[in-house]
Amino acid sequence: MAFGFTPKHTEELQLSPLNAQQFLALAVEAAKTQGLNLMFISETGFIAHTSRGFFKSNFEIKLLIQNGTATLTSSSLGSETFDFGKNKKNVVAFILALDDAKQQFTAEELQQKFEALRPGLAPEEDDFLKLPPSTAREDFVDFFKFFMPRQGFFITPILIWLNVAVFVLMAINGANLLNPSAEILLQWGANFRPATLNGQWWRLLSNCFLHIGIIHLLFNMFALVYVSIFLEPMLDRSRFLVAYLLTGILASITSLSWHNLTISAGASGAIFGLYGVLLALLCTSLVEQKARKALLISMGIFVAYNLVYGLKGNIDSAAHIGGLLSGFVIGFAFVPSLKRAQEPAIEYFSIGLLTLLVLVCSGVAYDQLKANEVQIVMQPPVLAKANNPSIDPDFDQVAYDKLMIDFHSVESLALNIFPIDTTAAGREKSLSDIKDVGIYYWKRGIEILDELDKQGIHPLFAKRNKVLRHYCEENIKTYELMYKAIDEGTHDYDDEIKARIKSTNELLSTIQRTH
């Protein structure tokens, strides 16, 4: 399955025993049997297009004859991202058509057919098929055009540089290039429900510029460039930037409402938002009908593939869906101002109103999620100092509550190692997660409990903290057993692990009863 800006497939063919002119005539006959439309033809070769109808994918077939060989290339038209082997099938079908034509014509007949073609061939000075291939320097310059702001493509390079800069700074500060730790991701602004809802609302946006490894970054930047080539010139700078930021926030809100313990990061929510905007515009008359069909196929395949791929796990499908749907709505909201592009006041008014609506809705959703979160956070009962002489007069209820929220966050991080991959491919990562994430954060939980013990002397707090400490210690022992089982490749510890898990579940029930 080819993948790229222009999926294609190429084969080289030998001319012998025919000469270049005879082979060109043979190829033209094969093109006719294939129903191809010859768009350009010269003594060096031709360019032809398929004509398979409006609702089917079309392709460009290019033949280049030089140095005793013919290079045959099939390329996708319509900016398709995936060809699913269709270009290869086109080349194979054309080669079979050449073989059939060879059986029908002699070399002399092919020479006569070439002479009949000669008057219609492009003159040598207009034969762009003879142009030399681009040099490495030209390819290098063309590649870096995607990273340089310019008219019609100004915001996208800036977004790319911001995403890359954050990743580089993370790496300089010790982040693993392929798999940054959960702790580092949280330090740099990943979206994590316990942290985000604990007043760190800025994570809703910061996570849109943060990536979990270089592969994650590269794939997202490719997807960003691909959609932006079409979308940014249509929207202009202001609408495009607003679309990226607002859909990123809404994607983060969706992820927050969907996941309790997932650390989420990446530009894909905002990028899916841009795809949603483009899909909405493709449903209007703003895009020319022929281009609309090709782009709808390409974008539809890309979105469907990524949504299905997201079901495999370790992908924040909630952010993808939230970004896509919000982008679709925002795209339609842009239509009135795009149709009246000569009136900038309408553009600014629509952008301002849209931004206000999204921020208000996001704020309401955030507050609602936060209110629901308070119900599950392990909070002690509120005890008024003035009416309860058993509490230290210096007891700080706010500080105690904050430490309990911190404990809940640490607990979530420790549990975030599940599910554990016990296959040979995932063994090393699983061992690292258990030791460097799970056990590390359970021990951090005990440190927080030490701080909690200093906050009050009421018997309820002492009893509660004692149970929480036992809960952490039991989990540490369980994780150590899981580490040994995976490291030694044995099931000898299964019964003991199950017993300790049962013990921790009983402790959870005890903790809940003390709320």
# chains A, B, ... in the order shown; residues from 1 in each chain; ligands from 1

$ residues_around --residues "range 113-128 of chain A" --least-positions-apart "6" --cutoff "9 Å" --atoms "only C-alpha atoms" --output "VMD selection string"
chain A and resid 21 to 26 40 to 44

$ residues_around --residues "Asn87 in chain A" --least-positions-apart "3" --cutoff "6 Å" --atoms "only C-alpha atoms" --output "list in words"
Lys8, His9, Ser74 and Asn90 of chain A

$ residues_around --residues "Glu347 in chain A" --least-positions-apart "3" --cutoff "9 Å" --atoms "only C-alpha atoms" --output "PyMOL selection string"
chain A and resi 238-239+334+336-338+340-341+343-344+350-352

$ write_last_selection --atoms "N, CA and C atoms" --output "CSV table (one decimal), in the first residue's frame"
chain,number,residue,atom,x,y,z
A,238,SER,N,-6.1,33.9,9.9
A,238,SER,CA,-6.9,34.1,11.1
A,238,SER,C,-7.8,32.9,11.3
A,239,ARG,N,-8.6,32.5,10.3
A,239,ARG,CA,-9.5,31.4,10.5
A,239,ARG,C,-8.8,30.1,10.7
A,334,PHE,N,-17.7,28.9,9.4
A,334,PHE,CA,-16.9,29.8,8.6
A,334,PHE,C,-17.5,30.2,7.3
A,336,PRO,N,-20.4,31.5,6.0
A,336,PRO,CA,-20.9,32.9,5.6
A,336,PRO,C,-19.8,33.9,5.4
A,337,SER,N,-18.8,33.9,6.2
A,337,SER,CA,-17.7,34.9,6.0
A,337,SER,C,-16.8,34.6,4.8
A,338,LEU,N,-16.7,33.3,4.5
A,338,LEU,CA,-15.9,32.9,3.3
A,338,LEU,C,-16.7,33.3,2.0
A,340,ARG,N,-18.5,35.9,1.8
A,340,ARG,CA,-18.4,37.3,1.7
A,340,ARG,C,-17.0,37.8,2.1
A,341,ALA,N,-16.1,37.2,1.4
A,341,ALA,CA,-14.6,37.4,1.7
A,341,ALA,C,-14.2,38.9,1.5
A,343,GLU,N,-15.6,41.4,2.8
A,343,GLU,CA,-16.1,42.1,3.9
A,343,GLU,C,-15.4,41.6,5.2
A,344,PRO,N,-14.2,42.2,5.5
A,344,PRO,CA,-13.4,41.7,6.6
A,344,PRO,C,-14.1,41.8,8.0
A,350,SER,N,-17.4,37.0,13.0
A,350,SER,CA,-17.6,35.5,13.1
A,350,SER,C,-16.5,34.8,13.9
A,351,ILE,N,-15.3,35.2,13.7
A,351,ILE,CA,-14.2,34.6,14.5
A,351,ILE,C,-14.3,34.9,16.0
A,352,GLY,N,-14.6,36.2,16.3
A,352,GLY,CA,-14.8,36.6,17.7
A,352,GLY,C,-16.0,35.8,18.4

$ residues_around --residues "Phe94 in chain A" --least-positions-apart "6" --cutoff "8 Å" --atoms "only C-alpha atoms" --output "ChimeraX atom specification"
/A:30-31,34

$ closest_residue --among "A:Leu481, A:Leu162, A:Pro17, A:Thr10" --to "Met221 in chain A" --atoms "only C-alpha atoms"
A:Leu162

$ residues_around --residues "Pro157 in chain A" --least-positions-apart "4" --cutoff "10 Å" --atoms "only C-alpha atoms" --output "number ranges by chain"
A: 144-150, 153, 161-163, 221, 224-225, 228

$ atom_distance --atom1 "CA of Thr262 in chain A" --atom2 "CA of Met482 in chain A"
21.3 Å

$ closest_residue --among "A:Phe59, A:Tyr471, A:Tyr348, A:Phe272" --to "Asn37 in chain A" --atoms "only C-alpha atoms"
A:Phe59

$ residues_around --residues "range 355-362 of chain A" --least-positions-apart "2" --cutoff "10 Å" --atoms "only C-alpha atoms" --output "JSON, numbers by chain"
{"A": [204, 242, 243, 245, 246, 247, 249, 250, 252, 253, 254, 326, 330, 349, 350, 351, 352, 353, 364, 365, 366, 367, 368]}

$ write_last_selection --atoms "N, CA and C atoms" --output "CSV table (one decimal), in the first residue's frame"
chain,number,residue,atom,x,y,z
A,204,LEU,N,-5.3,21.8,28.5
A,204,LEU,CA,-6.2,21.6,27.4
A,204,LEU,C,-5.6,22.1,26.1
A,242,VAL,N,-7.4,30.0,14.3
A,242,VAL,CA,-8.5,29.8,15.3
A,242,VAL,C,-9.0,28.4,15.2
A,243,ALA,N,-9.1,27.9,14.0
A,243,ALA,CA,-9.6,26.5,13.8
A,243,ALA,C,-8.7,25.5,14.5
A,245,LEU,N,-6.6,26.0,17.1
A,245,LEU,CA,-6.6,26.2,18.6
A,245,LEU,C,-7.9,25.8,19.2
A,246,LEU,N,-9.1,26.2,18.6
A,246,LEU,CA,-10.4,25.9,19.1
A,246,LEU,C,-10.7,24.4,19.1
A,247,THR,N,-10.4,23.7,17.9
A,247,THR,CA,-10.6,22.3,17.8
A,247,THR,C,-9.7,21.5,18.7
A,249,ILE,N,-8.7,22.5,21.7
A,249,ILE,CA,-9.2,22.6,23.0
A,249,ILE,C,-10.4,21.7,23.2
A,250,LEU,N,-11.3,21.7,22.2
A,250,LEU,CA,-12.5,20.9,22.2
A,250,LEU,C,-12.1,19.4,22.2
A,252,SER,N,-9.4,18.2,23.5
A,252,SER,CA,-8.9,17.9,24.8
A,252,SER,C,-10.1,17.7,25.8
A,253,ILE,N,-11.1,18.5,25.7
A,253,ILE,CA,-12.2,18.4,26.6
A,253,ILE,C,-12.9,17.1,26.4
A,254,THR,N,-13.0,16.7,25.1
A,254,THR,CA,-13.6,15.3,24.8
A,254,THR,C,-12.8,14.2,25.4
A,326,SER,N,-16.0,18.7,16.1
A,326,SER,CA,-16.0,20.2,16.4
A,326,SER,C,-15.5,20.9,15.2
A,330,ILE,N,-17.3,23.9,13.1
A,330,ILE,CA,-16.6,25.2,12.9
A,330,ILE,C,-16.5,25.5,11.4
A,349,PHE,N,-16.0,39.4,13.0
A,349,PHE,CA,-17.1,39.2,13.9
A,349,PHE,C,-17.4,37.7,14.1
A,350,SER,N,-17.4,37.0,13.0
A,350,SER,CA,-17.6,35.5,13.1
A,350,SER,C,-16.5,34.8,13.9
A,351,ILE,N,-15.3,35.2,13.7
A,351,ILE,CA,-14.2,34.6,14.5
A,351,ILE,C,-14.3,34.9,16.0
A,352,GLY,N,-14.6,36.2,16.3
A,352,GLY,CA,-14.8,36.6,17.7
A,352,GLY,C,-16.0,35.8,18.4
A,353,LEU,N,-17.1,35.8,17.7
A,353,LEU,CA,-18.3,35.1,18.2
A,353,LEU,C,-18.0,33.6,18.4
A,364,VAL,N,-17.9,25.7,30.7
A,364,VAL,CA,-19.0,25.0,31.3
A,364,VAL,C,-18.7,23.5,31.4
A,365,ALA,N,-18.2,22.9,30.4
A,365,ALA,CA,-17.9,21.5,30.4
A,365,ALA,C,-16.8,21.2,31.4
A,366,TYR,N,-15.8,22.1,31.5
A,366,TYR,CA,-14.7,21.9,32.4
A,366,TYR,C,-15.2,22.0,33.9
A,367,ASP,N,-16.0,22.9,34.1
A,367,ASP,CA,-16.6,23.1,35.5
A,367,ASP,C,-17.4,21.9,35.9
A,368,GLN,N,-18.2,21.3,34.9
A,368,GLN,CA,-19.0,20.2,35.1
A,368,GLN,C,-18.2,19.0,35.4

$ atom_distance --atom1 "CA of Gly189 in chain A" --atom2 "CA of Asn176 in chain A"
16.1 Å

$ closest_residue --among "A:Ile297, A:Ile160, A:Leu256, A:Leu235" --to "Asn58 in chain A" --atoms "only C-alpha atoms"
A:Ile297

$ residues_around --residues "Gly489 in chain A" --least-positions-apart "4" --cutoff "12 Å" --atoms "only C-alpha atoms" --output "PyMOL selection string"
chain A and resi 422-424+427+431+481-485+493-494

$ write_last_selection --atoms "C-alpha atoms" --output "JSON list (two decimals), in the first residue's frame"
[["chain", "number", "residue", "atom", "x", "y", "z"],
["A", 422, "THR", "CA", 3.47, -9.62, 28.26],
["A", 423, "THR", "CA", 4.54, -10.44, 24.70],
["A", 424, "ALA", "CA", 8.21, -10.66, 23.79],
["A", 427, "ARG", "CA", 8.43, -7.18, 27.66],
["A", 431, "LEU", "CA", 9.22, -4.07, 33.00],
["A", 481, "LEU", "CA", 5.65, -9.83, 41.95],
["A", 482, "MET", "CA", 4.41, -8.87, 38.47],
["A", 483, "TYR", "CA", 7.91, -7.60, 37.63],
["A", 484, "LYS", "CA", 9.45, -10.93, 38.72],
["A", 485, "ALA", "CA", 6.86, -12.94, 36.80],
["A", 493, "TYR", "CA", 3.51, -16.05, 41.13],
["A", 494, "ASP", "CA", -0.02, -15.92, 39.71]]

$ closest_atom_pairs --of "range 174-232 of chain A" --to "range 407-419 of chain A" --cutoff "12 Å" --atoms "only C-alpha atoms" --output "JSON lines"
{"residue": "A:Ser181", "atom": "CA", "partner": "A:Leu413", "partner_atom": "CA", "distance": 11.0}
{"residue": "A:Ala182", "atom": "CA", "partner": "A:Leu413", "partner_atom": "CA", "distance": 7.7}
{"residue": "A:Glu183", "atom": "CA", "partner": "A:Leu413", "partner_atom": "CA", "distance": 8.6}
{"residue": "A:Leu185", "atom": "CA", "partner": "A:Leu413", "partner_atom": "CA", "distance": 11.6}
{"residue": "A:Leu186", "atom": "CA", "partner": "A:Leu413", "partner_atom": "CA", "distance": 10.0}
{"residue": "A:Phe192", "atom": "CA", "partner": "A:Ser409", "partner_atom": "CA", "distance": 8.8}
{"residue": "A:Arg193", "atom": "CA", "partner": "A:Ser409", "partner_atom": "CA", "distance": 8.5}
{"residue": "A:Pro194", "atom": "CA", "partner": "A:Ser409", "partner_atom": "CA", "distance": 5.4}
{"residue": "A:Ala195", "atom": "CA", "partner": "A:Ser409", "partner_atom": "CA", "distance": 6.7}
{"residue": "A:Thr196", "atom": "CA", "partner": "A:Ser409", "partner_atom": "CA", "distance": 10.2}
{"residue": "A:Leu197", "atom": "CA", "partner": "A:Ser409", "partner_atom": "CA", "distance": 10.5}
{"residue": "A:Asn198", "atom": "CA", "partner": "A:Ser409", "partner_atom": "CA", "distance": 9.5}

$ decode --residues "range 89-128 of chain A" --atoms "N, CA and C atoms" --output "mmCIF file, in the first residue's frame"
data_model
loop_
_atom_site.group_PDB
_atom_site.id
_atom_site.type_symbol
_atom_site.label_atom_id
_atom_site.label_comp_id
_atom_site.auth_asym_id
_atom_site.auth_seq_id
_atom_site.Cartn_x
_atom_site.Cartn_y
_atom_site.Cartn_z
ATOM 1 N N LYS A 89 -1.486 -2.048 -9.879
ATOM 2 C CA LYS A 89 -2.412 -2.756 -10.756
ATOM 3 C C LYS A 89 -2.495 -2.072 -12.119
ATOM 4 N N ASN A 90 -2.466 -0.728 -12.126
ATOM 5 C CA ASN A 90 -2.519 0.014 -13.386
ATOM 6 C C ASN A 90 -1.313 -0.301 -14.261
ATOM 7 N N VAL A 91 -0.121 -0.330 -13.636
ATOM 8 C CA VAL A 91 1.102 -0.619 -14.388
ATOM 9 C C VAL A 91 1.079 -2.042 -14.928
ATOM 10 N N VAL A 92 0.680 -2.987 -14.104
ATOM 11 C CA VAL A 92 0.607 -4.387 -14.545
ATOM 12 C C VAL A 92 -0.384 -4.531 -15.697
ATOM 13 N N ALA A 93 -1.544 -3.876 -15.586
ATOM 14 C CA ALA A 93 -2.554 -3.950 -16.644
ATOM 15 C C ALA A 93 -2.027 -3.360 -17.949
ATOM 16 N N PHE A 94 -1.255 -2.257 -17.846
ATOM 17 C CA PHE A 94 -0.712 -1.634 -19.058
ATOM 18 C C PHE A 94 0.337 -2.543 -19.704
ATOM 19 N N ILE A 95 1.157 -3.185 -18.880
ATOM 20 C CA ILE A 95 2.177 -4.099 -19.419
ATOM 21 C C ILE A 95 1.506 -5.267 -20.141
ATOM 22 N N LEU A 96 0.402 -5.776 -19.575
ATOM 23 C CA LEU A 96 -0.335 -6.860 -20.243
ATOM 24 C C LEU A 96 -0.916 -6.379 -21.572
ATOM 25 N N ALA A 97 -1.384 -5.118 -21.587
ATOM 26 C CA ALA A 97 -1.909 -4.546 -22.830
ATOM 27 C C ALA A 97 -0.801 -4.401 -23.865
ATOM 28 N N LEU A 98 0.412 -4.053 -23.436
ATOM 29 C CA LEU A 98 1.558 -3.992 -24.354
ATOM 30 C C LEU A 98 1.841 -5.367 -24.964
ATOM 31 N N ASP A 99 1.808 -6.392 -24.116
ATOM 32 C CA ASP A 99 2.073 -7.751 -24.614
ATOM 33 C C ASP A 99 1.029 -8.178 -25.637
ATOM 34 N N ASP A 100 -0.244 -7.814 -25.369
ATOM 35 C CA ASP A 100 -1.298 -8.155 -26.333
ATOM 36 C C ASP A 100 -1.085 -7.434 -27.663
ATOM 37 N N ALA A 101 -0.669 -6.145 -27.574
ATOM 38 C CA ALA A 101 -0.465 -5.361 -28.795
ATOM 39 C C ALA A 101 0.705 -5.906 -29.606
ATOM 40 N N LYS A 102 1.712 -6.436 -28.930
ATOM 41 C CA LYS A 102 2.865 -7.008 -29.636
ATOM 42 C C LYS A 102 2.453 -8.178 -30.520
ATOM 43 N N GLN A 103 1.407 -8.884 -30.090
ATOM 44 C CA GLN A 103 0.945 -10.033 -30.870
ATOM 45 C C GLN A 103 0.172 -9.609 -32.110
ATOM 46 N N GLN A 104 -0.261 -8.353 -32.147
ATOM 47 C CA GLN A 104 -1.132 -7.905 -33.236
ATOM 48 C C GLN A 104 -0.388 -7.156 -34.336
ATOM 49 N N PHE A 105 0.793 -6.576 -33.986
ATOM 50 C CA PHE A 105 1.489 -5.725 -34.953
ATOM 51 C C PHE A 105 2.929 -6.174 -35.133
ATOM 52 N N THR A 106 3.380 -6.067 -36.386
ATOM 53 C CA THR A 106 4.799 -6.320 -36.664
ATOM 54 C C THR A 106 5.579 -5.032 -36.437
ATOM 55 N N ALA A 107 6.905 -5.142 -36.442
ATOM 56 C CA ALA A 107 7.745 -3.959 -36.258
ATOM 57 C C ALA A 107 7.501 -2.953 -37.379
ATOM 58 N N GLU A 108 7.293 -3.467 -38.614
ATOM 59 C CA GLU A 108 7.056 -2.573 -39.753
ATOM 60 C C GLU A 108 5.737 -1.817 -39.592
ATOM 61 N N GLU A 109 4.705 -2.519 -39.116
ATOM 62 C CA GLU A 109 3.411 -1.860 -38.913
ATOM 63 C C GLU A 109 3.498 -0.799 -37.811
ATOM 64 N N LEU A 110 4.257 -1.081 -36.798
ATOM 65 C CA LEU A 110 4.419 -0.108 -35.710
ATOM 66 C C LEU A 110 5.174 1.119 -36.195
ATOM 67 N N GLN A 111 6.146 0.913 -37.108
ATOM 68 C CA GLN A 111 6.888 2.053 -37.652
ATOM 69 C C GLN A 111 5.949 2.949 -38.461
ATOM 70 N N GLN A 112 5.042 2.304 -39.226
ATOM 71 C CA GLN A 112 4.070 3.077 -40.001
ATOM 72 C C GLN A 112 3.133 3.864 -39.070
ATOM 73 N N LYS A 113 2.730 3.236 -37.973
ATOM 74 C CA LYS A 113 1.863 3.918 -37.031
ATOM 75 C C LYS A 113 2.579 5.113 -36.385
ATOM 76 N N PHE A 114 3.891 4.959 -36.143
ATOM 77 C CA PHE A 114 4.631 6.089 -35.588
ATOM 78 C C PHE A 114 4.654 7.248 -36.581
ATOM 79 N N GLU A 115 4.873 6.937 -37.866
ATOM 80 C CA GLU A 115 4.909 8.008 -38.883
ATOM 81 C C GLU A 115 3.561 8.728 -38.935
ATOM 82 N N ALA A 116 2.476 7.981 -38.685
ATOM 83 C CA ALA A 116 1.164 8.615 -38.668
ATOM 84 C C ALA A 116 1.003 9.507 -37.428
ATOM 85 N N LEU A 117 1.696 9.149 -36.358
ATOM 86 C CA LEU A 117 1.638 9.951 -35.128
ATOM 87 C C LEU A 117 2.496 11.206 -35.219
ATOM 88 N N ARG A 118 3.558 11.159 -36.025
ATOM 89 C CA ARG A 118 4.588 12.199 -36.000
ATOM 90 C C ARG A 118 4.042 13.619 -36.117
ATOM 91 N N PRO A 119 3.095 13.894 -37.015
ATOM 92 C CA PRO A 119 2.632 15.295 -37.136
ATOM 93 C C PRO A 119 2.024 15.841 -35.839
ATOM 94 N N GLY A 120 1.487 14.990 -34.992
ATOM 95 C CA GLY A 120 0.843 15.463 -33.774
ATOM 96 C C GLY A 120 1.743 15.472 -32.550
ATOM 97 N N LEU A 121 3.010 15.100 -32.732
ATOM 98 C CA LEU A 121 3.925 15.067 -31.587
ATOM 99 C C LEU A 121 4.366 16.470 -31.204
ATOM 100 N N ALA A 122 4.585 16.682 -29.916
ATOM 101 C CA ALA A 122 5.077 17.978 -29.442
ATOM 102 C C ALA A 122 6.477 18.219 -29.980
ATOM 103 N N PRO A 123 6.772 19.451 -30.420
ATOM 104 C CA PRO A 123 8.125 19.742 -30.911
ATOM 105 C C PRO A 123 9.158 19.565 -29.802
ATOM 106 N N GLU A 124 10.389 19.351 -30.200
ATOM 107 C CA GLU A 124 11.455 19.049 -29.246
ATOM 108 C C GLU A 124 11.623 20.147 -28.201
ATOM 109 N N GLU A 125 11.499 21.401 -28.626
ATOM 110 C CA GLU A 125 11.707 22.502 -27.669
ATOM 111 C C GLU A 125 10.592 22.586 -26.623
ATOM 112 N N ASP A 126 9.436 21.984 -26.904
ATOM 113 C CA ASP A 126 8.318 21.999 -25.950
ATOM 114 C C ASP A 126 8.162 20.675 -25.201
ATOM 115 N N ASP A 127 9.109 19.781 -25.387
ATOM 116 C CA ASP A 127 9.012 18.448 -24.773
ATOM 117 C C ASP A 127 9.519 18.498 -23.331
ATOM 118 N N PHE A 128 8.608 18.739 -22.398
ATOM 119 C CA PHE A 128 9.036 18.854 -20.999
ATOM 120 C C PHE A 128 9.399 17.491 -20.401
#
